[in-house]
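J.: Have a look at the structure that comes next, please.
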Amino acid sequence: MGALKGKVAVVTGASRGIGAAIAVRLAAEGAKVVAAARTVEAAQSRLEGTLGDTVAEIEAAGGTAFAQATDLSREQDRLALIQAAEERYGPVDILVNNAAVTYFAQVGDFTDRRYQLMFEVQVNAPFHLAQLVIPGMRERGAGWILNISSIAARHPAFPPGAYAGIGLTVYGMCKAALERFTTGLAAELYADNIAVNALSPNQVVPTPGTLFHHLTTEDAPDNEPPAVMADAALALCRRPAAELTGRIAYSQDLLAELKDG
């Protein structure tokens, strides 16, 4: 307990799945968590999980958090999110960019509206939020930015087999852009002691989103529990940039590396 005591953390996409697990884990280590997502109440989404659920779980365990309804595709909502965090708790020490709007379809069938929305939420929003928190992190001489990525950022093997029919190209493009942003920003901020990393699960995490898209099932033997990503996220949000930055990390591999080290 207490590794993040006194820190302020903003976690996007925190209503369910990986984002909720990370928010709960950071709060358990003493961070004051601002949980951001579109879904505040159950009636707002067909997927299970709300910001209210996440905040209630944190508070029940003795942690501190509040919910900020945020549509990450809207510039004004992103501005309001950081402003609310600073007004409620103070300058942001940790930013976790986890929110995603995802559609799976082949390129020939992809609509422009869905294409633009995916890039707005998964690429432009992390870029903008980073711009908003960097000045304060520089002023305090420390900070952590964590971008949640996916194995879909990797190039497909050939012949592609089942990959060709899943419709992962645009999703993979978003995550590949996010990873390049991560390493570039890490280099820019290294001298400021601001760590910037990307984190992906080694295996599919059974979240309401992945279950909805039929990417896995609840009882699939090769699933990765959300807690693994949460533990890996904590590891990346507590070490100084001189020790751990600019990484395109995978959850289980990272935890094994740090344990062995």
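Ligands are numbered from 1 in the order shown, residues from 1 within each chain, and chains are lettered A, B, ... in the order they appear in the structure tokens.
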Pick out each residue of stretch 2-179 of chain A that DSSP on the backbone tags as strand (DSSP E or B); I need them as number ranges by chain.
T.: A: 8-12, 32-37, 64-69, 94-97, 143-148
J.: If you count only C-alpha atoms, which residues fall within 6 Å of stretch 242-246 of chain A, apart from same-chain ones fewer than 2 positions away, as a list in words?
T.: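 Answer for this query is Thr183, Ala186, Ala195, Val196, Asn197 and Pro240 of chain A.
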J.: Store the residues of this selection in a file with N, CA and C atoms, as a PDB file, in the first residue's frame.
T.:
```
ATOM      1  N   THR A 183       7.059   6.201 -28.189  1.00  0.00           N
ATOM      2  CA  THR A 183       8.521   6.214 -28.176  1.00  0.00           C
ATOM      3  C   THR A 183       9.086   7.601 -28.497  1.00  0.00           C
ATOM      4  N   ALA A 186       8.553   9.760 -25.427  1.00  0.00           N
ATOM      5  CA  ALA A 186       9.475   9.343 -24.371  1.00  0.00           C
ATOM      6  C   ALA A 186      10.853   9.956 -24.587  1.00  0.00           C
ATOM      7  N   ALA A 195       8.192   9.628 -17.704  1.00  0.00           N
ATOM      8  CA  ALA A 195       8.219   8.314 -18.349  1.00  0.00           C
ATOM      9  C   ALA A 195       7.005   8.156 -19.252  1.00  0.00           C
ATOM     10  N   VAL A 196       7.242   7.671 -20.454  1.00  0.00           N
ATOM     11  CA  VAL A 196       6.163   7.432 -21.415  1.00  0.00           C
ATOM     12  C   VAL A 196       6.315   6.012 -21.952  1.00  0.00           C
ATOM     13  N   ASN A 197       5.292   5.188 -21.755  1.00  0.00           N
ATOM     14  CA  ASN A 197       5.360   3.794 -22.174  1.00  0.00           C
ATOM     15  C   ASN A 197       4.045   3.348 -22.795  1.00  0.00           C
ATOM     16  N   PRO A 240      11.059   5.880 -12.184  1.00  0.00           N
ATOM     17  CA  PRO A 240      11.511   7.095 -12.885  1.00  0.00           C
ATOM     18  C   PRO A 240      11.862   6.796 -14.339  1.00  0.00           C
TER      19      PRO A 240
END
```
J.: Quick one: residues within 12 Å of A:Tyr115, only C-alpha atoms, excluding same-chain residues fewer than 6 positions away - as number ranges by chain?
T.: A: 101-109, 121-123, 169-174
J.: So which one's closest to A:Leu189, A:Glu218, A:Ala241, A:Ile151, A:Leu234? Using only C-alpha atoms, please.
T.: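 Distance minimum relative to A:Leu189 lands on A:Ala241.
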J.: Near A:Thr182, within 12 Å and counting only C-alpha atoms, which residues show up once chain neighbours fewer than 6 positions away are dropped, as a VMD selection string?
T.: chain A and resid 96 to 97 123 126 to 127 130 144 to 149 175 to 176 188 to 190 194 to 199 245 to 249
J.: Set the distance at 9 Å and use only C-alpha atoms: which residues neighbour stretch 224-231 of chain A once local chain neighbours fewer than 2 positions away are removed? I'd like the list as a list in words.
T.: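 Near neighbours after the sequence-gap exclusion: Gly17, Ile18, Gly19, Ala20, Ala21, Ile22, Ala23, Val24, Arg25, Leu26, Leu199, Ser200, Pro201, Asn202, Gln203, Val204, Val205, Pro206, Thr207, Pro221, Asp222, Ala233, Leu234, Ala235, Leu236, Tyr250, Ser251, Gln252 and Leu255 of chain A.
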J.: How many Å separate atom CA of A:Gly143 from atom CA of A:Leu254?
T.: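 Here the two named atoms are 19.8 Å from each other.
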J.: Quick one: residues within 12 Å of A:Ala61, only C-alpha atoms counted, chain neighbours fewer than 6 positions away excluded, as a PDB file with C-alpha atoms, in the first residue's frame?
T.:
```pdb
ATOM      1  CA  MET A   1       0.000   0.000   0.000  1.00  0.00           C
ATOM      2  CA  VAL A  24      -8.711   0.304  -9.043  1.00  0.00           C
ATOM      3  CA  ARG A  25      -5.071  -0.841  -8.838  1.00  0.00           C
ATOM      4  CA  LEU A  26      -3.634   2.683  -8.867  1.00  0.00           C
ATOM      5  CA  ALA A  27      -6.109   3.766  -6.217  1.00  0.00           C
ATOM      6  CA  ALA A  28      -5.137   0.780  -4.052  1.00  0.00           C
ATOM      7  CA  GLU A  29      -1.605   2.168  -4.064  1.00  0.00           C
ATOM      8  CA  GLY A  30      -2.775   5.544  -2.811  1.00  0.00           C
ATOM      9  CA  THR A  54     -15.446   1.747 -10.727  1.00  0.00           C
ATOM     10  CA  VAL A  55     -15.588   4.629  -8.258  1.00  0.00           C
TER      11      VAL A  55
END
```
J.: Apply DSSP to the structure's backbone, then extract all residues of stretch 165-258 of chain A labelled helix (DSSP H, G or I) and return them as a PyMOL selection string.
T.: chain A and resi 165-166+169-192+208-212+226-236+251-258
